[in-house]
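**Student:** File data01.tsv follows (TSV, C-alpha atoms):
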```tsv
chain	number	residue	atom	x	y	z
A	194	MET	CA	-51.97	39.28	3.15
A	195	ALA	CA	-51.39	36.92	6.11
A	196	ILE	CA	-48.04	35.15	6.35
A	197	THR	CA	-47.95	31.80	8.14
A	198	THR	CA	-44.95	30.36	9.97
A	199	ASP	CA	-46.25	26.77	9.98
A	200	PRO	CA	-43.36	24.57	8.61
A	201	GLY	CA	-45.85	22.00	7.29
A	202	PHE	CA	-47.87	24.57	5.34
A	203	ILE	CA	-47.82	24.07	1.53
A	204	PRO	CA	-49.17	26.96	-0.58
A	205	GLN	CA	-51.88	26.18	-3.07
A	206	GLY	CA	-50.47	25.41	-6.52
A	207	ALA	CA	-46.98	24.60	-5.15
A	208	PRO	CA	-45.56	21.11	-5.93
A	209	ASN	CA	-45.79	18.64	-3.04
A	210	THR	CA	-42.10	17.72	-3.00
A	211	VAL	CA	-42.36	15.85	0.32
A	212	GLY	CA	-45.10	13.61	-1.00
A	213	GLU	CA	-43.20	12.94	-4.23
A	214	PHE	CA	-40.09	12.04	-2.25
A	215	GLU	CA	-42.03	9.59	-0.08
A	216	VAL	CA	-43.56	7.95	-3.16
A	217	GLU	CA	-40.17	7.63	-4.87
A	218	PHE	CA	-38.56	6.35	-1.67
A	219	ALA	CA	-41.24	3.68	-1.21
A	220	ASP	CA	-40.88	2.65	-4.86
A	221	GLN	CA	-37.09	2.46	-4.50
A	222	ARG	CA	-37.40	0.26	-1.41
A	223	ARG	CA	-39.79	-2.07	-3.26
A	224	ARG	CA	-37.33	-2.40	-6.12
A	225	ALA	CA	-34.44	-3.02	-3.71
A	226	ARG	CA	-36.39	-5.73	-1.88
A	227	ARG	CA	-37.39	-7.36	-5.16
A	228	ALA	CA	-33.77	-7.33	-6.39
A	229	TRP	CA	-32.55	-8.75	-3.05
A	230	LEU	CA	-35.17	-11.52	-3.17
A	231	ILE	CA	-34.32	-12.45	-6.77
A	232	GLY	CA	-30.58	-12.38	-6.00
A	233	SER	CA	-31.06	-14.58	-2.93
A	234	VAL	CA	-33.06	-17.15	-4.90
A	235	VAL	CA	-30.47	-17.23	-7.70
A	236	PHE	CA	-27.65	-17.55	-5.15
A	237	PHE	CA	-29.41	-20.42	-3.38
A	238	ILE	CA	-30.09	-22.26	-6.65
A	239	LEU	CA	-26.48	-21.88	-7.81
A	240	PHE	CA	-25.22	-22.98	-4.38
A	241	MET	CA	-27.35	-26.13	-4.43
A	242	VAL	CA	-26.40	-26.99	-8.03
A	243	THR	CA	-22.70	-26.47	-7.26
A	244	SER	CA	-22.97	-28.59	-4.11
A	245	TRP	CA	-24.62	-31.37	-6.09
A	246	LEU	CA	-21.97	-31.25	-8.84
A	247	GLY	CA	-19.26	-31.24	-6.17
A	248	ASP	CA	-20.61	-34.51	-4.65
A	249	PHE	CA	-21.57	-32.88	-1.36
A	250	PHE	CA	-24.78	-34.92	-1.38
A	251	ARG	CA	-23.13	-38.19	-2.44
A	252	VAL	CA	-23.78	-41.35	-0.43
A	253	THR	CA	-21.03	-43.97	-0.21
A	254	GLN	CA	-20.34	-47.30	1.45
A	255	ILE	CA	-18.04	-47.43	4.47
A	256	THR	CA	-16.62	-50.30	6.47
A	257	MET	CA	-17.93	-50.48	10.03
A	258	PRO	CA	-15.78	-51.63	13.00
A	259	ASP	CA	-17.40	-55.08	12.85
A	260	GLY	CA	-16.44	-55.47	9.17
A	261	SER	CA	-19.90	-54.84	7.73
A	262	ARG	CA	-20.57	-52.39	4.93
A	263	GLU	CA	-23.16	-49.65	5.28
A	264	TRP	CA	-24.27	-46.66	3.26
A	265	ARG	CA	-23.41	-43.26	4.73
A	266	TRP	CA	-23.41	-39.63	3.64
A	267	VAL	CA	-19.90	-38.86	2.34
A	268	ILE	CA	-19.20	-35.82	4.55
A	269	PRO	CA	-19.79	-37.37	8.01
A	270	ALA	CA	-18.17	-40.56	6.71
A	271	GLY	CA	-15.00	-38.75	5.60
A	272	ILE	CA	-14.47	-36.43	8.59
A	273	PRO	CA	-13.23	-39.26	10.87
A	274	ARG	CA	-10.68	-40.21	8.21
A	275	LEU	CA	-9.44	-36.63	8.24
A	276	GLY	CA	-8.94	-36.96	11.97
A	277	GLU	CA	-7.04	-40.22	11.45
A	278	PHE	CA	-4.71	-38.52	8.97
A	279	ILE	CA	-4.02	-35.61	11.33
A	280	VAL	CA	-3.30	-38.02	14.19
A	281	LYS	CA	-0.78	-39.85	12.00
A	282	THR	CA	1.12	-36.63	11.33
A	283	ILE	CA	1.47	-35.76	15.04
A	284	PRO	CA	4.75	-37.11	16.43
A	285	GLU	CA	5.13	-38.69	19.83
A	286	LEU	CA	6.72	-36.15	22.16
A	287	HIS	CA	7.56	-36.94	25.77
A	288	TRP	CA	8.87	-34.44	28.29
A	289	SER	CA	11.59	-36.77	29.54
A	290	THR	CA	12.95	-37.37	26.02
A	291	LEU	CA	11.85	-34.12	24.37
A	292	GLY	CA	15.23	-33.38	22.78
A	293	ALA	CA	15.56	-36.84	21.27
A	294	ASP	CA	11.95	-36.77	20.09
A	295	PHE	CA	12.46	-33.44	18.34
A	296	ALA	CA	15.67	-34.73	16.78
A	297	HIS	CA	13.76	-37.75	15.48
A	298	TRP	CA	10.93	-35.54	14.21
A	299	PHE	CA	13.26	-33.18	12.32
A	300	TRP	CA	15.76	-35.88	11.40
A	301	ARG	CA	16.35	-34.39	7.90
A	302	TRP	CA	16.66	-30.80	9.11
A	303	GLN	CA	19.94	-30.15	7.29
A	304	ILE	CA	18.49	-31.19	3.94
A	305	TRP	CA	15.26	-29.30	4.66
A	306	LEU	CA	17.09	-26.09	5.52
A	307	LYS	CA	19.07	-26.31	2.30
A	308	LEU	CA	15.89	-26.85	0.29
A	309	LEU	CA	14.13	-24.11	2.26
A	310	PHE	CA	16.89	-21.67	1.29
A	311	GLU	CA	16.45	-22.77	-2.32
A	312	THR	CA	12.68	-22.30	-1.97
A	313	ILE	CA	13.07	-18.73	-0.69
A	314	LEU	CA	15.51	-17.88	-3.49
A	315	ILE	CA	13.07	-19.27	-6.08
A	316	ALA	CA	10.29	-17.15	-4.59
A	317	TYR	CA	12.50	-14.06	-4.45
A	318	MET	CA	13.73	-14.25	-8.04
A	319	ALA	CA	10.26	-15.15	-9.32
A	320	THR	CA	8.76	-12.20	-7.46
A	321	VAL	CA	11.36	-9.81	-8.89
A	322	LEU	CA	10.67	-10.99	-12.44
A	323	GLY	CA	6.92	-11.00	-11.84
A	324	VAL	CA	6.96	-7.47	-10.44
A	325	MET	CA	8.98	-6.22	-13.40
A	326	GLY	CA	6.62	-7.81	-15.92
A	327	GLY	CA	3.42	-6.94	-14.08
A	328	PHE	CA	4.49	-3.35	-13.41
A	329	LEU	CA	5.48	-2.64	-17.00
A	330	LEU	CA	2.37	-4.27	-18.47
A	331	SER	CA	-0.06	-2.77	-15.96
A	332	PHE	CA	-0.01	0.66	-17.59
A	333	PRO	CA	-0.97	-0.43	-21.13
A	334	ALA	CA	-3.50	-2.76	-19.46
A	335	SER	CA	-5.28	0.17	-17.74
A	336	ARG	CA	-8.29	1.63	-19.51
A	337	ASN	CA	-7.39	5.19	-18.54
A	338	LEU	CA	-3.69	4.91	-19.49
A	339	ALA	CA	-3.52	2.57	-22.51
A	340	PRO	CA	-2.23	4.27	-25.70
A	341	ASN	CA	-4.96	2.65	-27.81
A	342	LYS	CA	-7.59	-0.08	-27.61
A	343	TRP	CA	-5.47	-2.70	-29.43
A	344	VAL	CA	-2.60	-2.40	-26.97
A	345	LEU	CA	-5.14	-2.61	-24.15
A	346	TRP	CA	-6.77	-5.74	-25.60
A	347	ILE	CA	-3.51	-7.58	-26.33
A	348	THR	CA	-1.96	-6.75	-22.94
A	349	ARG	CA	-5.04	-7.83	-21.01
A	350	ARG	CA	-5.32	-11.12	-22.89
A	351	TYR	CA	-1.66	-11.90	-22.18
A	352	LEU	CA	-2.09	-11.19	-18.46
A	353	GLU	CA	-5.22	-13.33	-18.40
A	354	ILE	CA	-3.42	-16.28	-19.97
A	355	ALA	CA	-0.45	-15.90	-17.61
A	356	ARG	CA	-2.57	-15.98	-14.45
A	357	THR	CA	-5.27	-18.39	-15.66
A	358	VAL	CA	-2.85	-21.31	-16.03
A	359	PRO	CA	-1.91	-22.47	-12.49
A	360	ASP	CA	1.74	-22.10	-11.56
A	361	LEU	CA	1.93	-25.86	-10.99
A	362	VAL	CA	0.92	-26.45	-14.62
A	363	TRP	CA	3.45	-23.87	-15.80
A	364	ALA	CA	6.05	-25.75	-13.72
A	365	ILE	CA	5.20	-29.04	-15.45
A	366	ILE	CA	5.56	-27.35	-18.85
A	367	PHE	CA	8.91	-25.75	-18.03
A	368	VAL	CA	10.25	-28.91	-16.40
A	369	TYR	CA	9.53	-30.62	-19.72
A	370	CYS	CA	11.33	-27.78	-21.56
A	371	PHE	CA	14.32	-27.17	-19.28
A	372	SER	CA	14.53	-30.40	-17.23
A	373	VAL	CA	14.18	-30.58	-13.46
A	374	GLY	CA	15.65	-27.83	-11.31
A	375	PRO	CA	14.98	-24.42	-9.79
A	376	MET	CA	14.99	-22.57	-13.12
A	377	ALA	CA	11.72	-24.18	-14.18
A	378	GLY	CA	10.17	-23.15	-10.87
A	379	VAL	CA	11.40	-19.57	-11.16
A	380	ILE	CA	9.99	-19.14	-14.66
A	381	ALA	CA	6.68	-20.80	-13.75
A	382	ILE	CA	6.04	-18.67	-10.67
A	383	ALA	CA	7.33	-15.52	-12.37
A	384	LEU	CA	4.94	-15.96	-15.29
A	385	HIS	CA	1.97	-16.56	-13.03
A	386	SER	CA	2.99	-13.62	-10.82
A	387	THR	CA	3.21	-11.36	-13.87
A	388	GLY	CA	-0.41	-12.09	-14.73
A	389	ALA	CA	-1.68	-11.72	-11.18
A	390	LEU	CA	0.30	-8.58	-10.32
A	391	GLY	CA	-0.43	-7.01	-13.70
A	392	LYS	CA	-4.13	-7.32	-12.96
A	393	LEU	CA	-3.81	-5.85	-9.46
A	394	TYR	CA	-1.52	-3.04	-10.57
A	395	SER	CA	-3.82	-2.09	-13.47
A	396	GLU	CA	-6.79	-1.81	-11.10
A	397	VAL	CA	-4.73	0.53	-8.93
A	398	ASN	CA	-3.84	2.57	-12.02
A	399	GLU	CA	-7.48	2.95	-12.99
A	400	ASN	CA	-8.27	4.63	-9.65
A	401	ILE	CA	-5.64	7.36	-9.83
A	402	ASP	CA	-6.29	11.09	-10.21
A	403	MET	CA	-5.98	11.94	-13.90
A	404	ARG	CA	-5.21	15.63	-13.38
A	405	PRO	CA	-1.42	15.10	-12.98
A	406	ILE	CA	-1.47	13.01	-16.18
A	407	GLU	CA	-3.27	15.79	-18.04
A	408	GLY	CA	-0.82	18.35	-16.66
A	409	VAL	CA	2.19	16.42	-17.95
A	410	LYS	CA	0.45	15.94	-21.30
A	411	ALA	CA	-0.39	19.65	-21.55
A	412	ALA	CA	3.27	20.48	-20.90
A	413	GLY	CA	4.25	18.38	-23.94
A	414	GLY	CA	5.23	15.19	-22.15
A	415	THR	CA	5.20	11.88	-23.97
A	416	TRP	CA	3.14	8.87	-22.87
A	417	PHE	CA	6.13	7.57	-20.93
A	418	ASP	CA	6.52	10.97	-19.22
A	419	GLN	CA	2.86	10.89	-18.24
A	420	ILE	CA	3.31	7.48	-16.66
A	421	ARG	CA	6.60	8.33	-14.98
A	422	TYR	CA	5.64	11.68	-13.45
A	423	GLY	CA	1.85	11.48	-13.29
A	424	ALA	CA	0.94	7.88	-12.47
A	425	VAL	CA	3.88	6.16	-10.77
A	426	PRO	CA	4.08	8.48	-7.72
A	427	GLN	CA	0.39	7.87	-7.01
A	428	VAL	CA	0.46	4.07	-7.21
A	429	MET	CA	3.74	3.26	-5.47
A	430	PRO	CA	2.30	2.62	-1.94
A	431	ASN	CA	-0.19	0.08	-3.30
A	432	ILE	CA	2.46	-1.44	-5.57
A	433	ILE	CA	4.68	-2.08	-2.56
A	434	SER	CA	1.84	-3.66	-0.56
A	435	TYR	CA	0.84	-6.01	-3.39
A	436	THR	CA	4.48	-6.89	-4.07
A	437	LEU	CA	5.19	-7.93	-0.49
A	438	LEU	CA	1.97	-9.94	-0.37
A	439	ARG	CA	2.90	-11.68	-3.60
A	440	PHE	CA	6.32	-12.60	-2.24
A	441	GLU	CA	4.63	-14.34	0.69
A	442	ILE	CA	2.33	-16.19	-1.72
A	443	ASN	CA	5.27	-17.19	-3.91
A	444	VAL	CA	7.12	-18.70	-0.94
A	445	ARG	CA	4.19	-21.04	-0.42
A	446	ALA	CA	3.95	-21.74	-4.15
A	447	SER	CA	7.66	-22.49	-4.49
A	448	SER	CA	7.40	-25.01	-1.65
A	449	ILE	CA	4.83	-26.97	-3.67
A	450	ILE	CA	6.02	-26.84	-7.29
A	451	GLY	CA	9.01	-28.97	-6.33
A	452	TYR	CA	6.49	-31.81	-6.27
A	453	VAL	CA	6.83	-31.92	-10.07
A	454	GLY	CA	10.61	-31.44	-10.04
A	455	ALA	CA	10.85	-27.64	-10.10
A	456	GLY	CA	13.10	-27.31	-7.06
A	457	GLY	CA	12.46	-26.44	-3.44
A	458	LEU	CA	10.80	-28.36	-0.61
A	459	GLY	CA	8.14	-29.87	-2.83
A	460	ALA	CA	10.31	-32.88	-3.60
A	461	GLU	CA	10.37	-33.70	0.12
A	462	PHE	CA	6.58	-33.61	0.22
A	463	ARG	CA	6.50	-36.11	-2.62
A	464	VAL	CA	8.96	-38.41	-0.90
A	465	ALA	CA	7.09	-38.22	2.40
A	466	MET	CA	3.76	-38.97	0.72
A	467	SER	CA	5.22	-41.82	-1.32
A	468	PHE	CA	6.73	-43.55	1.71
A	469	GLN	CA	3.83	-42.58	4.01
A	470	GLU	CA	6.15	-40.73	6.38
A	471	TYR	CA	3.34	-38.71	7.92
A	472	THR	CA	5.41	-37.13	10.69
A	473	ASP	CA	7.75	-35.76	8.03
A	474	LEU	CA	4.75	-33.99	6.50
A	475	SER	CA	3.96	-32.25	9.77
A	476	ALA	CA	7.63	-31.31	10.21
A	477	LEU	CA	7.70	-29.78	6.73
A	478	PHE	CA	4.48	-27.94	7.49
A	479	VAL	CA	6.03	-26.48	10.64
A	480	VAL	CA	9.09	-25.37	8.67
A	481	ILE	CA	6.98	-23.63	6.02
A	482	PHE	CA	4.61	-22.13	8.59
A	483	VAL	CA	7.42	-20.58	10.62
A	484	THR	CA	9.07	-19.27	7.44
A	485	VAL	CA	5.87	-17.65	6.16
A	486	MET	CA	5.18	-16.16	9.60
A	487	ILE	CA	8.65	-14.57	9.72
A	488	ILE	CA	8.31	-13.26	6.15
A	489	ASP	CA	4.85	-11.85	6.91
A	490	TYR	CA	6.16	-10.03	10.00
A	491	GLY	CA	9.18	-8.67	8.15
A	492	SER	CA	7.06	-7.60	5.17
A	493	GLU	CA	4.67	-5.71	7.42
A	494	LYS	CA	7.52	-3.87	9.13
A	495	LEU	CA	9.14	-3.05	5.79
A	496	ARG	CA	5.87	-1.81	4.29
A	497	HIS	CA	5.19	0.42	7.29
A	498	ARG	CA	8.69	1.85	7.14
A	499	ILE	CA	8.41	2.61	3.43
A	500	ILE	CA	5.01	4.33	3.62
A	501	GLY	CA	5.84	6.14	6.89
A	502	MET	CA	3.80	4.15	9.43
A	503	GLU	CA	6.57	3.05	11.78
A	504	GLY	CA	4.82	4.42	14.86
A	505	VAL	CA	1.35	3.12	14.04
A	506	ARG	CA	0.15	0.19	16.09
A	507	ALA	CA	-2.51	-2.27	15.02
```
Do you think you could lay out the structure here as structure tokens?
**Tutor:**
Amino acid sequence: MAITTDPGFIPQGAPNTVGEFEVEFADQRRRARRAWLIGSVVFFILFMVTSWLGDFFRVTQITMPDGSREWRWVIPAGIPRLGEFIVKTIPELHWSTLGADFAHWFWRWQIWLKLLFETILIAYMATVLGVMGGFLLSFPASRNLAPNKWVLWITRRYLEIARTVPDLVWAIIFVYCFSVGPMAGVIAIALHSTGALGKLYSEVNENIDMRPIEGVKAAGGTWFDQIRYGAVPQVMPNIISYTLLRFEINVRASSIIGYVGAGGLGAEFRVAMSFQEYTDLSALFVVIFVTVMIIDYGSEKLRHRIIGMEGVRA
């Protein structure tokens, strides 16, 4: 019996696996193209409907330089006004009088620094409370760690309510309950942070390796022992990253909720807008921007030190 060494030779009666693969591959590509085409059409339709509902296609009347009124598309008609607003917020700085100009620009710097310190403290305390609540609730809110389905359902609904209501709305509610002041801001941001962090932490929990959990359970450990010794060591690096990111977000949030009387720099934004002190708005923006930049840099260094990446460069 002759034996062939031809790699393309297929014995009679043997299944043509190469041909079947090519047929399945071509069919898979056709299905993928069809799904991509349908998804693109649906995306385009939803985009156009959303743009129409958002007044992106609206036409409005504008006043021309000669005083006449003409109809224009709202987007090109509004962009120049955005430029006018930005120009109003830019202070006049001259090299010869730079010190005096800066002093005039930041003329309330003592009050702003005091309110900035209050803003950072609000963000810090709210983050601590939010981390405590989100961390504790993230385990019963995880599908792979929840003791039973009812605890899972109740915990997830609570976290959804906490993060669905904007922190500014929570601030309005707590200002009504506890009067104006930082406490209302702390509770508002902490409650919203609990919902947001609880969601993020629970997603981290659902991606852990379950073998350490099963080992603790097999050794007779309780549910709390399984979480403490099987889950927590695996999720801590991600917990730290999300926590530091949330603190940065809360600093920005605490600088706004003062607009409704919940403490911080927000009250200064309201005063500046009410009296049309546009240069004060830009000064406040610079203060917040520099603060967030410093916090972001410090958080990155702290996170790298904790997880052992001190020598790693971006």
**Student:** From the list A:Phe417, A:Phe367, A:Trp229, A:Tyr471, which residue is nearest Pro340 (chain A) when using all atoms listed in the file?
**Tutor:**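 Among the listed residues, A:Phe417 lies closest to Pro340 (chain A).
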**Student:** How many Å lie between CA of Ile354 (chain A) and CA of Asn337 (chain A), rounded to one decimal?
**Tutor:**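 Taking CA of Ile354 (chain A) and CA of Asn337 (chain A), their separation equals 21.9 Å.
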**Student:** Please check which residues have atoms at most 8 Å from (2.4, -10.8, -8.9) in the file's coordinates, counting all atoms listed in the file, and write them as a tab-separated table (two decimals) with C-alpha atoms, in the frame of the given file.
**Tutor:**
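After the write, out.tsv holds the following:
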```
chain	number	residue	atom	x	y	z
A	320	THR	CA	8.76	-12.20	-7.46
A	323	GLY	CA	6.92	-11.00	-11.84
A	324	VAL	CA	6.96	-7.47	-10.44
A	327	GLY	CA	3.42	-6.94	-14.08
A	383	ALA	CA	7.33	-15.52	-12.37
A	385	HIS	CA	1.97	-16.56	-13.03
A	386	SER	CA	2.99	-13.62	-10.82
A	387	THR	CA	3.21	-11.36	-13.87
A	388	GLY	CA	-0.41	-12.09	-14.73
A	389	ALA	CA	-1.68	-11.72	-11.18
A	390	LEU	CA	0.30	-8.58	-10.32
A	391	GLY	CA	-0.43	-7.01	-13.70
A	393	LEU	CA	-3.81	-5.85	-9.46
A	435	TYR	CA	0.84	-6.01	-3.39
A	436	THR	CA	4.48	-6.89	-4.07
A	439	ARG	CA	2.90	-11.68	-3.60
A	440	PHE	CA	6.32	-12.60	-2.24
```
**Student:** In terms of the shortest atom-to-atom distance over only C-alpha atoms, which of A:Tyr369, A:Tyr317, A:Tyr422, A:Trp343 is closest to Leu437 (chain A)?
**Tutor:**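 Counting only C-alpha atoms, the residue closest to Leu437 (chain A) is A:Tyr317.
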**Student:** So what do you get for CA of Gly292 (chain A) versus CA of Glu277 (chain A), distance-wise?
**Tutor:** 25.9 Å
**Student:** Taking 4 positions as the minimum chain separation for residues in the same chain, which residues sit within 7 Å of Thr312 (chain A) when counting all atoms listed in the file? Answer as an mmCIF file with C-alpha atoms, in the coordinates of the input.
**Tutor:**
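Written out: out_20.cif:
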```cif
data_model
loop_
_atom_site.group_PDB
_atom_site.id
_atom_site.type_symbol
_atom_site.label_atom_id
_atom_site.label_comp_id
_atom_site.auth_asym_id
_atom_site.auth_seq_id
_atom_site.Cartn_x
_atom_site.Cartn_y
_atom_site.Cartn_z
ATOM 1 C CA LEU A 308 15.890 -26.850 0.290
ATOM 2 C CA ALA A 316 10.290 -17.150 -4.590
ATOM 3 C CA VAL A 444 7.120 -18.700 -0.940
ATOM 4 C CA SER A 447 7.660 -22.490 -4.490
ATOM 5 C CA SER A 448 7.400 -25.010 -1.650
ATOM 6 C CA GLY A 457 12.460 -26.440 -3.440
ATOM 7 C CA LEU A 458 10.800 -28.360 -0.610
#
```
